[in-house]
>>> print(open('input.tsv').read())   # TSV, C-alpha atoms
chain	number	residue	atom	x	y	z
J	1	MET	CA	91.78	98.31	-126.59
J	2	GLU	CA	91.93	99.12	-130.27
J	3	ALA	CA	92.90	96.72	-133.02
J	4	GLY	CA	94.27	97.66	-136.40
J	5	ALA	CA	91.77	98.32	-139.16
J	6	ASP	CA	93.64	96.21	-141.72
J	7	MET	CA	92.57	92.68	-142.58
J	8	ASN	CA	94.78	90.19	-140.80
J	9	ARG	CA	96.72	87.76	-142.99
J	10	VAL	CA	98.02	84.31	-142.07
J	11	ARG	CA	99.83	82.15	-144.60
J	12	LEU	CA	101.65	79.10	-143.24
J	13	ALA	CA	103.33	75.99	-144.61
J	14	LEU	CA	104.77	73.45	-142.19
J	15	ALA	CA	105.58	69.75	-142.63
J	16	ARG	CA	104.53	67.48	-139.76
J	17	SER	CA	105.02	63.73	-139.38
J	18	GLU	CA	101.27	63.08	-139.80
J	19	PHE	CA	100.49	65.68	-142.50
J	20	ALA	CA	101.55	69.04	-143.89
J	21	VAL	CA	99.95	72.25	-142.62
J	22	ASP	CA	99.14	74.52	-145.54
J	23	VAL	CA	96.79	77.46	-144.87
J	24	ASP	CA	96.29	80.85	-146.50
J	25	LEU	CA	93.77	82.99	-144.63
J	26	ASP	CA	92.43	86.52	-144.61
J	27	LEU	CA	90.95	87.05	-141.16
J	28	PRO	CA	88.62	89.81	-139.90
J	29	ALA	CA	90.16	92.52	-137.73
J	30	ARG	CA	87.38	92.13	-135.16
J	31	GLY	CA	85.30	89.34	-133.65
J	32	ILE	CA	86.03	85.64	-133.13
J	33	THR	CA	87.50	83.48	-135.86
J	34	VAL	CA	87.14	79.83	-134.88
J	35	LEU	CA	89.64	77.21	-136.07
J	36	PHE	CA	87.45	74.11	-136.12
J	37	GLY	CA	88.16	70.48	-136.84
J	38	ALA	CA	88.71	67.06	-135.35
J	39	SER	CA	91.58	66.41	-132.96
J	40	GLY	CA	94.83	66.31	-134.90
J	41	SER	CA	93.59	68.48	-137.78
J	42	GLY	CA	96.25	71.15	-137.23
J	43	LYS	CA	94.27	73.77	-135.29
J	44	THR	CA	96.70	74.26	-132.42
J	45	THR	CA	99.69	74.08	-134.79
J	46	VAL	CA	98.30	77.07	-136.71
J	47	LEU	CA	97.74	78.92	-133.44
J	48	ARG	CA	101.28	78.23	-132.21
J	49	CYS	CA	102.75	79.36	-135.54
J	50	VAL	CA	100.82	82.62	-135.34
J	51	ALA	CA	102.20	83.08	-131.82
J	52	GLY	CA	105.75	82.29	-132.93
J	53	LEU	CA	105.97	79.27	-130.63
J	54	GLU	CA	106.55	77.14	-133.73
J	55	ARG	CA	108.10	78.36	-136.94
J	56	ALA	CA	106.50	77.53	-140.26
J	57	SER	CA	109.02	76.69	-142.97
J	58	GLU	CA	107.25	79.22	-145.17
J	59	GLY	CA	105.11	81.86	-143.56
J	60	PHE	CA	103.62	85.32	-143.62
J	61	VAL	CA	101.76	86.69	-140.60
J	62	ARG	CA	100.42	90.26	-140.50
J	63	ILE	CA	98.23	91.32	-137.59
J	64	GLY	CA	96.80	94.82	-137.27
J	65	GLY	CA	99.20	96.18	-139.88
J	66	GLU	CA	102.21	94.76	-138.01
J	67	VAL	CA	104.25	92.04	-139.77
J	68	TRP	CA	105.27	89.24	-137.40
J	69	GLN	CA	106.65	86.85	-140.00
J	70	ASP	CA	107.67	87.31	-143.62
J	71	ASP	CA	110.07	84.64	-144.75
J	72	ALA	CA	110.41	86.21	-148.18
J	73	ASN	CA	112.03	89.22	-146.51
J	74	GLY	CA	113.75	87.48	-143.60
J	75	VAL	CA	111.34	88.73	-140.91
J	76	PHE	CA	110.53	86.62	-137.87
J	77	LEU	CA	109.59	88.24	-134.56
J	78	PRO	CA	110.02	86.04	-131.46
J	79	THR	CA	106.92	85.47	-129.35
J	80	TRP	CA	107.86	88.07	-126.74
J	81	ARG	CA	107.94	90.78	-129.41
J	82	ARG	CA	104.49	89.89	-130.78
J	83	SER	CA	101.61	91.90	-129.37
J	84	LEU	CA	99.41	88.96	-128.45
J	85	GLY	CA	97.62	87.36	-125.54
J	86	TYR	CA	97.53	83.57	-125.26
J	87	VAL	CA	94.97	81.61	-123.23
J	88	PHE	CA	95.63	77.88	-122.81
J	89	GLN	CA	93.35	74.98	-121.83
J	90	GLU	CA	94.58	75.34	-118.26
J	91	SER	CA	94.57	78.78	-116.64
J	92	SER	CA	98.23	78.42	-115.47
J	93	LEU	CA	97.74	80.75	-112.49
J	94	PHE	CA	100.25	80.87	-109.63
J	95	GLU	CA	98.63	78.97	-106.76
J	96	HIS	CA	100.43	80.99	-104.06
J	97	LEU	CA	99.16	84.34	-105.38
J	98	ASP	CA	95.62	85.68	-105.26
J	99	ALA	CA	93.88	86.66	-108.49
J	100	ARG	CA	94.91	90.32	-108.29
J	101	ARG	CA	98.58	89.51	-107.80
J	102	ASN	CA	98.41	86.99	-110.65
J	103	LEU	CA	97.14	89.77	-112.87
J	104	GLU	CA	99.71	92.26	-111.66
J	105	TYR	CA	102.53	89.76	-112.16
J	106	GLY	CA	101.56	89.42	-115.80
J	107	LEU	CA	101.38	93.19	-116.09
J	108	ARG	CA	104.88	93.66	-114.67
J	109	ARG	CA	106.27	91.06	-117.06
J	110	ALA	CA	104.73	92.82	-120.05
J	111	ARG	CA	105.85	96.33	-119.05
J	112	MET	CA	103.26	97.89	-121.31
J	113	PRO	CA	102.41	101.60	-121.13
J	114	GLY	CA	98.82	102.07	-120.01
J	115	GLY	CA	98.76	98.53	-118.70
J	116	ARG	CA	97.07	99.45	-115.42
J	117	GLU	CA	94.18	101.05	-117.28
J	118	ALA	CA	93.91	98.04	-119.62
J	119	LEU	CA	93.88	95.71	-116.61
J	120	GLU	CA	91.01	97.62	-115.00
J	121	GLU	CA	89.08	97.45	-118.27
J	122	ALA	CA	89.62	93.68	-118.45
J	123	ILE	CA	88.52	93.22	-114.82
J	124	GLU	CA	85.27	95.03	-115.56
J	125	LEU	CA	84.70	93.32	-118.90
J	126	LEU	CA	85.09	89.83	-117.39
J	127	GLY	CA	83.28	90.62	-114.14
J	128	ILE	CA	86.04	89.37	-111.83
J	129	ARG	CA	86.40	92.28	-109.36
J	130	ALA	CA	84.76	90.24	-106.58
J	131	LEU	CA	87.28	87.43	-107.19
J	132	LEU	CA	90.51	89.43	-106.89
J	133	ALA	CA	91.25	88.53	-103.25
J	134	ARG	CA	90.84	84.79	-103.83
J	135	ARG	CA	93.60	82.33	-104.59
J	136	PRO	CA	93.19	79.96	-107.56
J	137	ALA	CA	92.16	77.05	-105.31
J	138	GLN	CA	89.16	79.14	-104.22
J	139	LEU	CA	87.99	79.75	-107.79
J	140	SER	CA	85.86	77.56	-110.02
J	141	GLY	CA	87.34	76.41	-113.32
J	142	GLY	CA	85.33	79.04	-115.18
J	143	GLU	CA	86.46	81.79	-112.81
J	144	ARG	CA	90.10	80.75	-113.22
J	145	GLN	CA	89.78	81.00	-116.99
J	146	ARG	CA	88.19	84.45	-116.72
J	147	VAL	CA	91.17	85.59	-114.67
J	148	ALA	CA	93.53	84.06	-117.26
J	149	ILE	CA	91.75	85.90	-120.08
J	150	ALA	CA	91.91	89.18	-118.14
J	151	ARG	CA	95.65	88.63	-117.67
J	152	ALA	CA	96.06	88.18	-121.43
J	153	LEU	CA	94.03	91.32	-122.20
J	154	ALA	CA	95.97	93.49	-119.75
J	155	THR	CA	98.86	93.74	-122.24
J	156	ARG	CA	96.60	95.45	-124.84
J	157	PRO	CA	97.28	92.75	-127.45
J	158	ARG	CA	96.65	93.16	-131.16
J	159	LEU	CA	95.40	89.56	-131.19
J	160	LEU	CA	93.98	87.22	-128.54
J	161	LEU	CA	94.66	83.50	-129.06
J	162	LEU	CA	92.49	80.97	-127.22
J	163	ASP	CA	93.47	77.29	-127.42
J	164	GLU	CA	90.40	75.26	-126.39
J	165	PRO	CA	89.87	77.35	-123.24
J	166	LEU	CA	86.82	75.30	-122.20
J	167	ALA	CA	88.25	71.83	-122.84
J	168	SER	CA	89.25	71.20	-119.22
J	169	LEU	CA	85.92	72.39	-117.77
J	170	ASP	CA	82.85	70.31	-116.97
J	171	LEU	CA	79.48	71.22	-118.50
J	172	PRO	CA	78.27	73.53	-115.69
J	173	ARG	CA	81.56	75.49	-115.77
J	174	ARG	CA	81.37	75.76	-119.57
J	175	ARG	CA	77.90	77.22	-119.26
J	176	GLU	CA	79.24	79.60	-116.62
J	177	ILE	CA	81.98	81.07	-118.80
J	178	MET	CA	80.24	81.03	-122.20
J	179	PRO	CA	78.31	84.31	-121.67
J	180	TRP	CA	81.57	86.06	-120.81
J	181	LEU	CA	83.17	84.85	-124.03
J	182	GLU	CA	80.11	86.12	-125.92
J	183	ARG	CA	80.55	89.46	-124.18
J	184	LEU	CA	84.18	89.59	-125.32
J	185	ARG	CA	83.08	88.88	-128.89
J	186	ASP	CA	80.47	91.62	-128.86
J	187	GLN	CA	82.33	94.34	-126.96
J	188	LEU	CA	86.04	93.84	-127.55
J	189	ALA	CA	87.79	95.50	-130.47
J	190	VAL	CA	90.66	92.98	-130.33
J	191	PRO	CA	90.30	90.13	-132.87
J	192	MET	CA	90.34	86.60	-131.45
J	193	LEU	CA	91.55	83.32	-132.92
J	194	TYR	CA	89.77	80.50	-131.09
J	195	VAL	CA	90.54	76.77	-131.34
J	196	THR	CA	87.83	74.19	-130.64
J	197	HIS	CA	86.36	70.90	-131.84
J	198	SER	CA	83.05	71.63	-130.09
J	199	VAL	CA	80.09	72.33	-132.41
J	200	ASP	CA	78.33	74.08	-129.52
J	201	GLU	CA	81.20	76.53	-129.00
J	202	LEU	CA	81.46	77.04	-132.75
J	203	SER	CA	77.74	77.80	-133.07
J	204	ARG	CA	77.61	80.20	-130.13
J	205	LEU	CA	80.86	82.10	-130.49
J	206	ALA	CA	82.09	82.18	-134.07
J	207	ASP	CA	81.76	85.14	-136.41
J	208	GLN	CA	84.11	83.56	-138.94
J	209	VAL	CA	84.90	79.84	-139.23
J	210	VAL	CA	87.95	78.06	-140.64
J	211	VAL	CA	87.34	74.31	-140.97
J	212	LEU	CA	90.58	72.31	-141.02
J	213	GLU	CA	91.27	68.71	-141.94
J	214	GLN	CA	94.74	67.16	-142.10
J	215	GLY	CA	96.31	70.63	-141.99
J	216	ARG	CA	94.35	72.01	-144.93
J	217	THR	CA	91.41	74.38	-145.19
J	218	LEU	CA	88.09	72.78	-146.12
J	219	ALA	CA	85.90	75.87	-145.68
J	220	VAL	CA	86.18	79.51	-144.63
J	221	GLY	CA	83.37	81.99	-144.09
J	222	PRO	CA	80.68	83.38	-141.76
J	223	VAL	CA	79.41	80.79	-139.28
J	224	GLY	CA	75.91	80.64	-140.77
J	225	GLU	CA	77.16	79.99	-144.27
J	226	VAL	CA	79.74	77.37	-143.29
J	227	LEU	CA	77.34	75.37	-141.11
J	228	ALA	CA	74.70	75.49	-143.85
J	229	GLN	CA	77.03	73.95	-146.43
J	230	GLY	CA	75.90	70.55	-145.23
J	231	ASP	CA	78.61	68.62	-147.09
J	232	LEU	CA	81.44	68.86	-144.54
J	233	PRO	CA	81.92	65.47	-142.82
J	234	VAL	CA	83.23	67.07	-139.64
J	235	LEU	CA	79.92	68.99	-139.28
J	236	ALA	CA	77.60	66.17	-140.37
J	237	GLY	CA	75.76	63.55	-138.34
J	238	GLU	CA	72.93	63.87	-135.85
J	239	ASP	CA	74.00	67.37	-134.81
J	240	ALA	CA	73.93	68.83	-138.34
J	241	ALA	CA	72.43	72.30	-137.97
J	242	ALA	CA	72.26	75.83	-139.25
J	243	VAL	CA	72.82	79.05	-137.34
J	244	ILE	CA	70.54	81.99	-138.08
J	245	GLU	CA	70.28	85.46	-136.57
J	246	GLY	CA	67.40	87.83	-135.97
J	247	VAL	CA	65.98	90.56	-133.77
J	248	VAL	CA	63.50	90.02	-130.93
J	249	GLY	CA	60.34	91.69	-132.23
J	250	GLU	CA	57.90	90.93	-129.44
J	251	ARG	CA	57.45	88.87	-126.30
J	252	ASP	CA	54.29	86.96	-125.44
J	253	ALA	CA	54.01	86.78	-121.65
J	254	HIS	CA	50.94	84.53	-121.79
J	255	TRP	CA	52.63	81.74	-123.79
J	256	HIS	CA	56.19	82.51	-122.59
J	257	LEU	CA	57.37	82.89	-126.18
J	258	ALA	CA	59.35	85.49	-128.09
J	259	ARG	CA	59.03	86.20	-131.80
J	260	VAL	CA	62.34	86.72	-133.56
J	261	ARG	CA	62.23	88.65	-136.82
J	262	LEU	CA	64.49	87.42	-139.59
J	263	ASP	CA	65.69	89.44	-142.56
J	264	GLY	CA	62.90	89.47	-145.13
J	265	GLU	CA	60.70	87.12	-143.06
J	266	ASP	CA	58.00	87.52	-140.43
J	267	GLY	CA	60.09	85.51	-138.01
J	268	ILE	CA	59.81	82.48	-135.76
J	269	PHE	CA	58.67	81.79	-132.23
J	270	VAL	CA	61.22	80.66	-129.64
J	271	ARG	CA	61.10	80.06	-125.93
J	272	ASP	CA	61.27	83.41	-124.13
J	273	GLY	CA	64.70	83.64	-122.56
J	274	GLY	CA	64.29	87.17	-121.27
J	275	GLN	CA	66.02	88.95	-124.16
J	276	ALA	CA	64.85	92.53	-124.60
J	277	VAL	CA	62.74	93.58	-127.56
J	278	GLY	CA	65.19	94.87	-130.17
J	279	ALA	CA	68.01	92.58	-129.02
J	280	ARG	CA	69.86	90.68	-131.74
J	281	VAL	CA	69.99	86.94	-131.05
J	282	ARG	CA	71.63	83.91	-132.61
J	283	MET	CA	69.72	80.64	-132.98
J	284	ARG	CA	70.75	77.09	-133.76
J	285	VAL	CA	68.28	75.06	-135.80
J	286	LEU	CA	68.93	71.31	-136.05
J	287	ALA	CA	68.39	69.73	-139.46
J	288	ARG	CA	66.16	67.08	-137.91
J	289	ASP	CA	63.82	69.83	-136.65
J	290	VAL	CA	63.11	71.23	-140.14
J	291	SER	CA	60.45	69.70	-142.39
J	292	LEU	CA	59.51	70.81	-145.90
J	293	ALA	CA	56.16	71.35	-147.61
J	294	LEU	CA	55.31	72.39	-151.15
J	295	GLU	CA	52.33	74.46	-149.93
J	296	GLU	CA	51.87	76.43	-146.74
J	297	PRO	CA	50.03	74.24	-144.21
J	298	GLN	CA	46.79	75.81	-143.02
J	299	ARG	CA	46.33	73.82	-139.82
J	300	SER	CA	49.49	72.45	-138.20
J	301	SER	CA	51.07	72.26	-134.77
J	302	ILE	CA	54.26	73.62	-136.34
J	303	GLN	CA	53.77	77.39	-136.25
J	304	ASN	CA	57.19	78.43	-137.53
J	305	ARG	CA	56.85	78.55	-141.31
J	306	LEU	CA	59.40	80.22	-143.56
J	307	HIS	CA	59.14	80.53	-147.31
J	308	GLY	CA	62.35	79.64	-149.13
J	309	ILE	CA	64.05	78.25	-152.21
J	310	VAL	CA	65.92	74.94	-152.32
J	311	GLU	CA	69.62	75.56	-152.97
J	312	ALA	CA	71.06	72.07	-152.83
J	313	VAL	CA	70.27	68.42	-152.13
J	314	MET	CA	73.18	66.56	-150.54
J	315	GLU	CA	74.02	63.09	-149.30
J	316	ASP	CA	73.71	62.47	-145.56
J	317	VAL	CA	75.71	60.11	-143.38
J	318	HIS	CA	73.15	57.31	-143.95
J	319	PRO	CA	72.06	56.35	-147.49
J	320	SER	CA	68.38	56.49	-146.50
J	321	GLN	CA	68.58	60.23	-145.81
J	322	ALA	CA	69.49	63.48	-147.53
J	323	LEU	CA	70.27	67.01	-146.40
J	324	VAL	CA	68.46	69.84	-148.17
J	325	ARG	CA	69.71	73.42	-147.97
J	326	ILE	CA	67.00	76.08	-148.20
J	327	ARG	CA	67.59	79.82	-148.62
J	328	CYS	CA	65.06	81.81	-146.57
J	329	GLY	CA	65.60	85.49	-147.22
J	330	GLY	CA	69.27	86.16	-146.60
J	331	GLN	CA	69.88	83.10	-144.42
J	332	ALA	CA	70.05	79.35	-144.91
J	333	LEU	CA	68.49	76.37	-143.14
J	334	ILE	CA	69.19	72.66	-143.49
J	335	SER	CA	66.49	69.99	-143.47
J	336	ARG	CA	67.08	66.26	-143.01
J	337	LEU	CA	64.65	64.24	-145.13
J	338	THR	CA	64.41	60.64	-146.21
J	339	CYS	CA	65.51	60.08	-149.79
J	340	LYS	CA	62.00	58.69	-150.35
J	341	SER	CA	60.50	62.09	-149.44
J	342	VAL	CA	63.00	63.89	-151.68
J	343	GLU	CA	61.96	61.68	-154.59
J	344	GLU	CA	58.21	61.83	-153.98
J	345	LEU	CA	58.17	65.64	-153.49
J	346	ARG	CA	60.63	66.10	-156.37
J	347	ILE	CA	62.88	68.27	-154.19
J	348	ARG	CA	65.48	69.92	-156.40
J	349	PRO	CA	67.47	73.18	-156.55
J	350	GLY	CA	65.30	76.16	-157.43
J	351	LEU	CA	62.08	74.65	-156.03
J	352	PRO	CA	59.99	77.02	-153.82
J	353	VAL	CA	59.14	75.36	-150.50
J	354	TRP	CA	57.92	76.10	-147.00
J	355	ALA	CA	60.38	75.27	-144.23
J	356	LEU	CA	58.52	74.14	-141.11
J	357	VAL	CA	60.74	74.68	-138.08
J	358	LYS	CA	59.74	72.58	-135.08
J	359	SER	CA	62.17	74.17	-132.68
J	360	ALA	CA	64.87	76.80	-132.66
J	361	ALA	CA	67.19	77.23	-129.70
J	362	VAL	CA	68.44	80.73	-128.88
J	363	ILE	CA	72.11	80.25	-128.15
J	364	ALA	CA	73.45	83.80	-127.97
>>> encode(input="input.tsv", output="structure tokens")
Amino acid sequence: MEAGADMNRVRLALARSEFAVDVDLDLPARGITVLFGASGSGKTTVLRCVAGLERASEGFVRIGGEVWQDDANGVFLPTWRRSLGYVFQESSLFEHLDARRNLEYGLRRARMPGGREALEEAIELLGIRALLARRPAQLSGGERQRVAIARALATRPRLLLLDEPLASLDLPRRREIMPWLERLRDQLAVPMLYVTHSVDELSRLADQVVVLEQGRTLAVGPVGEVLAQGDLPVLAGEDAAAVIEGVVGERDAHWHLARVRLDGEDGIFVRDGGQAVGARVRMRVLARDVSLALEEPQRSSIQNRLHGIVEAVMEDVHPSQALVRIRCGGQALISRLTCKSVEELRIRPGLPVWALVKSAAVIA
């Protein structure tokens, strides 16, 4: 399942009754790019335009070196001629067919060479071989979505589009399917464009993030950098957080902790989740769990201490508080402080500080 090496390009302009969609994006040729924003921000419209289900009045779409739309040159491929897989909120499986026949039906419709081999790869990748004899009514919501994703992958698409695939699932089913989506991100060469308004899904799955508001792009970049901006209203509030990555350096069986090494830093302790030493993990650190000190504390219950430099001091959602972005090595954290503390400690850009991390949750 190989994707083109070229950078994917999406440029769309489309007038809607509520607002005008206007995006111009260079997207990675591998990994998950998340379209994030509040409901009605234009996420699904962008996805449907990329798929050819809606036509932008002005557009250019190039995926894997293949041009799907180029209005300047009169090019517009219909959806059936675009090498894509589309996964909707609902799995849309045929209730009278078991999982295997649902998959084979999609394969026959696509008539792709090598489709049988691609289908077997998708079955293994999504761990659904034991489910193939069951009908949809016998599957959980998460299992149904895994079958739907396998059906989309069986056509060897150049691009996989996922439109809020977890929105119709309850929390246990979301937790059930999330590791499989992470596996797709890490092992699949096909780039994915993923729509969500869930900060949890964004934090766990995204490599690249596109934040949309009223059809326009507010921010684009790696997930850690976009979350650490701190000044995007859609990512503010009590759940304001940063995402950092590191490598499991050691595990402490006595205290049930693991130490995760960060680039240029000794690392931080997290609850041992069973990840192997040497495994790369992603962690979400809430702004409310990060305190700042001008000197390294010598005796403190907070054992995670990272040296950093203040990059920015920003307004928070309440006038009594501020968000402070700190650069620790090559990664950024956000701390929520009272404005009183900012004033008394004279927190300003360029100031060396110690970031005291109360808790970091390994999320992937």
>>> closest_residue(input="input.tsv", among="J:Gln303, J:Gly85, J:Gly273, J:Ala99", to="Leu131 of chain J", atoms="only C-alpha atoms")
J:Ala99
>>> residues_around(input="input.tsv", residues="segment 220-226 of chain J", least_positions_apart="2", cutoff="6 Å", atoms="all atoms listed in the file", output="NGL selection string")
:J and (207-210 or 228-229 or 243)
>>> residues_around(input="input.tsv", residues="Asp186 of chain J", least_positions_apart="5", cutoff="10 Å", atoms="all atoms listed in the file", output="ChimeraX atom specification")
/J:30-32,180-181,205
>>> closest_residue(input="input.tsv", among="J:Met192, J:Met314, J:Glu201, J:Asn73", to="Asn8 of chain J", atoms="only C-alpha atoms")
J:Met192
>>> residues_near_point(input="input.tsv", point="(74.3, 69.4, -145.1)", cutoff="7 Å", atoms="only C-alpha atoms", output="MDAnalysis selection string")
chainID J and resid 228:231 236 240 314 316 323:325 334
>>> closest_atom_pairs(input="input.tsv", of="segment 185-212 of chain J", to="segment 343-361 of chain J", cutoff="12 Å", atoms="all atoms listed in the file", output="CSV")
residue,atom,partner,partner_atom,distance
J:Asp200,CA,J:Ala361,CA,11.6
J:Ser203,CA,J:Ala361,CA,11.1
J:Arg204,CA,J:Ala361,CA,10.8
>>> atom_distance(input="input.tsv", atom1="atom CA of Glu104 of chain J", atom2="atom CA of Gly52 of chain J")
24.3 Å
>>> residues_around(input="input.tsv", residues="segment 145-162 of chain J", least_positions_apart="5", cutoff="6 Å", atoms="only C-alpha atoms", output="PDB file with C-alpha atoms, in the coordinates of the input")
ATOM      1  CA  MET J   1      91.780  98.310-126.590  1.00  0.00           C
ATOM      2  CA  ALA J   3      92.900  96.720-133.020  1.00  0.00           C
ATOM      3  CA  SER J  83     101.610  91.900-129.370  1.00  0.00           C
ATOM      4  CA  LEU J  84      99.410  88.960-128.450  1.00  0.00           C
ATOM      5  CA  GLY J  85      97.620  87.360-125.540  1.00  0.00           C
ATOM      6  CA  TYR J  86      97.530  83.570-125.260  1.00  0.00           C
ATOM      7  CA  VAL J  87      94.970  81.610-123.230  1.00  0.00           C
ATOM      8  CA  SER J  91      94.570  78.780-116.640  1.00  0.00           C
ATOM      9  CA  LEU J 103      97.140  89.770-112.870  1.00  0.00           C
ATOM     10  CA  GLY J 115      98.760  98.530-118.700  1.00  0.00           C
ATOM     11  CA  ALA J 118      93.910  98.040-119.620  1.00  0.00           C
ATOM     12  CA  LEU J 119      93.880  95.710-116.610  1.00  0.00           C
ATOM     13  CA  ALA J 122      89.620  93.680-118.450  1.00  0.00           C
ATOM     14  CA  VAL J 190      90.660  92.980-130.330  1.00  0.00           C
ATOM     15  CA  PRO J 191      90.300  90.130-132.870  1.00  0.00           C
ATOM     16  CA  MET J 192      90.340  86.600-131.450  1.00  0.00           C
ATOM     17  CA  LEU J 193      91.550  83.320-132.920  1.00  0.00           C
ATOM     18  CA  TYR J 194      89.770  80.500-131.090  1.00  0.00           C
TER      19      TYR J 194
END
>>> residues_around(input="input.tsv", residues="Leu132 of chain J", least_positions_apart="2", cutoff="6 Å", atoms="all atoms listed in the file", output="NGL selection string")
:J and (99-100 or 129-130 or 134)
>>> residues_near_point(input="input.tsv", point="(66.4, 90.5, -126.7)", cutoff="12 Å", atoms="all atoms listed in the file", output="PyMOL selection string")
chain J and resi 245-251+257-261+270-282+362-364
>>> closest_residue(input="input.tsv", among="J:Arg116, J:Leu77, J:Pro165, J:Gly65", to="Ser92 of chain J", atoms="only C-alpha atoms")
J:Pro165
>>> residues_around(input="input.tsv", residues="Arg62 of chain J", least_positions_apart="6", cutoff="12 Å", atoms="all atoms listed in the file", output="ChimeraX atom specification")
/J:4-12,24-29,50-51,68-71,75-77,82-83,158-159
>>> write_last_selection(input="input.tsv", atoms="C-alpha atoms", output="PDB file, in the frame of the given file")
ATOM      1  CA  GLY J   4      94.270  97.660-136.400  1.00  0.00           C
ATOM      2  CA  ALA J   5      91.770  98.320-139.160  1.00  0.00           C
ATOM      3  CA  ASP J   6      93.640  96.210-141.720  1.00  0.00           C
ATOM      4  CA  MET J   7      92.570  92.680-142.580  1.00  0.00           C
ATOM      5  CA  ASN J   8      94.780  90.190-140.800  1.00  0.00           C
ATOM      6  CA  ARG J   9      96.720  87.760-142.990  1.00  0.00           C
ATOM      7  CA  VAL J  10      98.020  84.310-142.070  1.00  0.00           C
ATOM      8  CA  ARG J  11      99.830  82.150-144.600  1.00  0.00           C
ATOM      9  CA  LEU J  12     101.650  79.100-143.240  1.00  0.00           C
ATOM     10  CA  ASP J  24      96.290  80.850-146.500  1.00  0.00           C
ATOM     11  CA  LEU J  25      93.770  82.990-144.630  1.00  0.00           C
ATOM     12  CA  ASP J  26      92.430  86.520-144.610  1.00  0.00           C
ATOM     13  CA  LEU J  27      90.950  87.050-141.160  1.00  0.00           C
ATOM     14  CA  PRO J  28      88.620  89.810-139.900  1.00  0.00           C
ATOM     15  CA  ALA J  29      90.160  92.520-137.730  1.00  0.00           C
ATOM     16  CA  VAL J  50     100.820  82.620-135.340  1.00  0.00           C
ATOM     17  CA  ALA J  51     102.200  83.080-131.820  1.00  0.00           C
ATOM     18  CA  TRP J  68     105.270  89.240-137.400  1.00  0.00           C
ATOM     19  CA  GLN J  69     106.650  86.850-140.000  1.00  0.00           C
ATOM     20  CA  ASP J  70     107.670  87.310-143.620  1.00  0.00           C
ATOM     21  CA  ASP J  71     110.070  84.640-144.750  1.00  0.00           C
ATOM     22  CA  VAL J  75     111.340  88.730-140.910  1.00  0.00           C
ATOM     23  CA  PHE J  76     110.530  86.620-137.870  1.00  0.00           C
ATOM     24  CA  LEU J  77     109.590  88.240-134.560  1.00  0.00           C
ATOM     25  CA  ARG J  82     104.490  89.890-130.780  1.00  0.00           C
ATOM     26  CA  SER J  83     101.610  91.900-129.370  1.00  0.00           C
ATOM     27  CA  ARG J 158      96.650  93.160-131.160  1.00  0.00           C
ATOM     28  CA  LEU J 159      95.400  89.560-131.190  1.00  0.00           C
TER      29      LEU J 159
END
>>> closest_residue(input="input.tsv", among="J:Arg183, J:Arg81, J:Arg101, J:His197", to="Lys43 of chain J", atoms="only C-alpha atoms")
J:His197
>>> atom_distance(input="input.tsv", atom1="atom CA of Ser300 of chain J", atom2="atom CA of Val313 of chain J")
25.3 Å
>>> closest_residue(input="input.tsv", among="J:Asp289, J:Asp239, J:Asp163, J:Glu18", to="Gln89 of chain J", atoms="only C-alpha atoms")
J:Asp163
>>> atom_distance(input="input.tsv", atom1="atom CA of Gly59 of chain J", atom2="atom CA of Ala189 of chain J")
25.6 Å
